[in-house]
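> If you scroll down you'll find the structure; I have some questions about it.
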Amino acid sequence: MRESLLRSIGLALAAAYAFFIGWLYIRQPQTVAEMTGAMSASIGVYQVDETAFADGLRLFRASQFEASRLAFDRADRAHQDPRTQFYIAYSYYRQGWGRVYNDDVLFQRGLEAIDRAIAAAPNGRIVVEDRDLQMRSGDELKAELQAGLRREASDFNPLKVFRQRK
Amino acid sequence: MIREAFVLPLTFLTVTLVGGIRVADRIVLVPPPLFSLVLAFLLLGLLVRSGALAPERLMNGARSPLQNAGGAVILLTAFVAAAQAFNAAIPEAGLPRLLFSVFLFVLLVNTSAAAPDRVRVLRSMLVIFGSAFILKFIILAALSDPAGGWLKRTLLAMLEGLTLGTLSQEPYRPVTGYVAFAALALFIGSLALLPARQTTALTRTS
């Protein structure tokens, strides 16, 4: 009886450990905060720091993008909240956008952030109801960032300087 | 019983976890490539042939379903750990990866053909993984080090005329080598703990 119990515990431990290892290899967390955040998100108990998020949003609206990202990072340490990652991606877009040319490095980081947001969102769908934004879905923002990174003949169109930042 | 239920599965799973860790600018967990699976399969075959692993002691008709399930877990985790041990020992890219893969494949086939006993096979594993570790984490790492050092200068002098582009690897932080060393040491130690084939002593009667 005791042997059966020990063997059952051993099997359960091995199964749980194997599941954990498989999960780590799939999610590839970079920090302990990301790991614990991703684990709590997978069981639906992950929460962002709302105060830090509000700070980030205020700085974002004041066009202080680098400061807003610091606050957003503090709010979502594990990079698991789709809404916060959406705003981080948007901040990279607005900071990197240029009338003549875009900053590719910032656009690339924005693309990475929106990919994180889409990966964390249920069914990959993210919509942010914010009247200050012209792009309110993850798909729009991702398409805009991808378009900004593409090299096309239309990039040399002089009328491009009249386009507006979204 | 404790060894079979806890020690072996958990140490093999730890090797599986640790064997894929690479630390550069970010931490990456690298799953085993397909060829590592082939090498792991060969290694398990070699262990069975030499008697270092007796699968019949882990799974047979006389054991209860729970005991057989535990045996199957050991075999499965040993296979995955072997694949990750090869993943840790083989370089990541380029010519060294091809050469190491072929070298390890030939070594395993050759060792298998020699039909060694358990102790010799375990010694052979120690030499195989030890030499692969030294080549990857000391020699190749020195050649791939962008800062360079005395070892790199010495090796460059020895390899005069050879283009380093074919040899250099992505430079990892030193901690990667320590982690890989721990994984390989744990793996070799775990192999020694596997249930071996029981031999019966023959006595001459006159």
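Here, A, B, ... name the chains of the structure tokens in the order displayed, residue numbers run from 1 inside each chain, and ligands are numbered from 1 in the same displayed order.
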Among chain B, which residues carry a DSSP assignment of strand (DSSP E), reported as a list in words?

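The strand (DSSP E) residues within chain B come out as Ile21, Arg22, Val23, Ile27, Val28 and Leu29 of chain B.
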
> Residues of chain B were defined as contacting chain A if any atom lay at most 10 Å from it, counting only C-alpha atoms; please report them as a ChimeraX atom specification.

/B:1-14,16-18,20-21,26-31,64,66-67,69-70,73-74,77

> Between A:Gln146, A:Asp76, A:Gly138, A:Glu66, single out the one closest to Ala121 of chain A, counting only C-alpha atoms.

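Nearest candidate to Ala121 of chain A out of A:Gln146, A:Asp76, A:Gly138, A:Glu66: A:Gly138.
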
> What separation in Å, quoted to one decimal, exists between atom CA of Met39 of chain A and atom CA of Ala24 of chain B?

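We find that atom CA of Met39 of chain A and atom CA of Ala24 of chain B lie 23.8 Å from each other.
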
> Within 7 Å of Ser36 of chain B, counting only C-alpha atoms, which residues qualify if same-chain residues fewer than 3 places away don't, as a ChimeraX atom specification?

/B:32-33,39-40,83,86-87

> Between A:Tyr93, A:Phe53, A:Phe86, A:Tyr101, which is the closest to Ala119 of chain A once you count only C-alpha atoms?

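Ranked by minimum distance to Ala119 of chain A, first place goes to A:Phe86.
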
> Write out as number ranges by chain the set of residues from segment 10-205 of chain B that DSSP, computed on the backbone, places in alpha helix (DSSP H).

B: 10-18, 34-50, 55-58, 65-89, 94-113, 118-134, 141-144, 150-158, 174-193

> Keeping C-alpha atoms, export the residues of the selection given above as a CSV table (one decimal), in the first residue's frame.


```
chain,number,residue,atom,x,y,z
B,10,LEU,CA,13.4,13.7,-11.7
B,11,THR,CA,17.1,13.8,-12.4
B,12,PHE,CA,16.5,12.9,-16.1
B,13,LEU,CA,13.8,15.6,-16.3
B,14,THR,CA,16.3,18.1,-14.7
B,15,VAL,CA,18.8,17.2,-17.4
B,16,THR,CA,16.1,17.8,-20.0
B,17,LEU,CA,15.4,21.2,-18.5
B,18,VAL,CA,19.0,22.3,-18.0
B,34,LEU,CA,16.2,15.8,-34.7
B,35,PHE,CA,19.7,14.4,-34.9
B,36,SER,CA,20.0,14.5,-31.2
B,37,LEU,CA,17.0,12.2,-31.0
B,38,VAL,CA,18.8,9.7,-33.3
B,39,LEU,CA,21.9,9.9,-31.2
B,40,ALA,CA,19.8,9.4,-28.0
B,41,PHE,CA,18.1,6.3,-29.6
B,42,LEU,CA,21.6,4.9,-30.4
B,43,LEU,CA,22.8,5.6,-26.9
B,44,LEU,CA,19.8,3.8,-25.2
B,45,GLY,CA,20.4,0.9,-27.6
B,46,LEU,CA,24.0,0.8,-26.6
B,47,LEU,CA,23.1,0.9,-22.9
B,48,VAL,CA,20.7,-2.0,-23.3
B,49,ARG,CA,23.2,-4.0,-25.3
B,50,SER,CA,26.0,-3.5,-22.7
B,55,PRO,CA,14.5,-2.6,-19.6
B,56,GLU,CA,13.1,-6.0,-18.5
B,57,ARG,CA,13.8,-4.9,-14.9
B,58,LEU,CA,11.7,-1.8,-15.4
B,65,PRO,CA,0.6,-1.7,-13.8
B,66,LEU,CA,1.8,1.1,-11.5
B,67,GLN,CA,5.4,-0.3,-11.5
B,68,ASN,CA,5.3,-0.7,-15.2
B,69,ALA,CA,4.1,2.8,-15.7
B,70,GLY,CA,7.0,4.0,-13.5
B,71,GLY,CA,9.4,1.9,-15.6
B,72,ALA,CA,8.0,3.5,-18.8
B,73,VAL,CA,8.5,6.9,-17.3
B,74,ILE,CA,12.2,6.2,-16.6
B,75,LEU,CA,12.8,4.9,-20.1
B,76,LEU,CA,11.0,7.9,-21.7
B,77,THR,CA,12.7,10.5,-19.5
B,78,ALA,CA,16.1,8.8,-20.1
B,79,PHE,CA,15.6,9.1,-23.8
B,80,VAL,CA,14.6,12.8,-23.7
B,81,ALA,CA,17.5,13.5,-21.2
B,82,ALA,CA,19.9,11.8,-23.6
B,83,ALA,CA,18.6,13.9,-26.5
B,84,GLN,CA,19.1,17.1,-24.4
B,85,ALA,CA,22.6,16.0,-23.3
B,86,PHE,CA,23.6,15.6,-26.9
B,87,ASN,CA,21.9,19.0,-27.6
B,88,ALA,CA,24.1,20.5,-24.9
B,89,ALA,CA,27.3,18.9,-26.2
B,94,GLY,CA,27.9,25.6,-39.0
B,95,LEU,CA,30.7,23.1,-39.8
B,96,PRO,CA,31.4,22.2,-36.1
B,97,ARG,CA,27.8,21.1,-35.7
B,98,LEU,CA,28.1,18.7,-38.7
B,99,LEU,CA,31.5,17.4,-37.6
B,100,PHE,CA,30.4,16.8,-34.0
B,101,SER,CA,27.2,15.1,-35.1
B,102,VAL,CA,29.1,12.7,-37.4
B,103,PHE,CA,31.8,12.2,-34.8
B,104,LEU,CA,29.3,11.3,-32.1
B,105,PHE,CA,27.3,9.0,-34.4
B,106,VAL,CA,30.4,7.1,-35.5
B,107,LEU,CA,31.7,6.9,-31.9
B,108,LEU,CA,28.3,5.4,-30.7
B,109,VAL,CA,28.2,2.9,-33.6
B,110,ASN,CA,31.8,2.0,-33.0
B,111,THR,CA,31.3,1.5,-29.2
B,112,SER,CA,28.2,-0.5,-29.9
B,113,ALA,CA,30.1,-2.8,-32.4
B,118,ARG,CA,28.4,-1.8,-18.4
B,119,VAL,CA,31.5,-0.3,-16.8
B,120,ARG,CA,33.3,0.3,-20.1
B,121,VAL,CA,30.2,1.8,-21.7
B,122,LEU,CA,29.8,4.3,-18.8
B,123,ARG,CA,33.5,5.2,-19.0
B,124,SER,CA,33.1,5.6,-22.8
B,125,MET,CA,30.1,8.0,-22.2
B,126,LEU,CA,32.2,10.0,-19.8
B,127,VAL,CA,35.0,10.3,-22.4
B,128,ILE,CA,32.5,11.1,-25.2
B,129,PHE,CA,30.6,13.8,-23.4
B,130,GLY,CA,33.7,15.2,-21.6
B,131,SER,CA,35.6,15.6,-24.9
B,132,ALA,CA,32.6,17.1,-26.6
B,133,PHE,CA,32.2,19.6,-23.7
B,134,ILE,CA,35.8,20.6,-23.9
B,141,ALA,CA,34.0,29.2,-27.3
B,142,ALA,CA,37.6,30.7,-27.3
B,143,LEU,CA,37.6,30.9,-31.1
B,144,SER,CA,34.2,32.6,-31.1
B,150,TRP,CA,45.6,33.9,-25.2
B,151,LEU,CA,43.8,30.7,-26.1
B,152,LYS,CA,42.3,32.3,-29.2
B,153,ARG,CA,45.6,33.7,-30.3
B,154,THR,CA,47.3,30.3,-29.8
B,155,LEU,CA,44.5,28.5,-31.7
B,156,LEU,CA,44.6,31.0,-34.5
B,157,ALA,CA,48.3,30.4,-34.8
B,158,MET,CA,47.7,26.7,-35.0
B,174,PRO,CA,30.2,31.7,-19.4
B,175,VAL,CA,27.3,30.6,-17.2
B,176,THR,CA,26.1,28.5,-20.2
B,177,GLY,CA,29.2,26.3,-19.9
B,178,TYR,CA,28.7,25.8,-16.2
B,179,VAL,CA,25.0,24.9,-16.7
B,180,ALA,CA,25.9,22.5,-19.5
B,181,PHE,CA,28.6,20.9,-17.4
B,182,ALA,CA,26.1,20.4,-14.6
B,183,ALA,CA,23.6,18.9,-17.0
B,184,LEU,CA,26.2,16.4,-18.5
B,185,ALA,CA,27.5,15.4,-15.0
B,186,LEU,CA,24.0,14.8,-13.8
B,187,PHE,CA,23.2,12.8,-16.9
B,188,ILE,CA,26.3,10.6,-16.6
B,189,GLY,CA,25.5,10.1,-12.9
B,190,SER,CA,22.0,9.1,-13.7
B,191,LEU,CA,23.1,6.6,-16.3
B,192,ALA,CA,25.1,4.9,-13.6
B,193,LEU,CA,22.0,4.6,-11.4
```

> Figure out the distance between atom CA of Glu170 of chain B and atom CA of Leu135 of chain B, please, to one decimal in Å.

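Atom-to-atom, atom CA of Leu135 of chain B and atom CA of Glu170 of chain B are spaced 14.6 Å apart.
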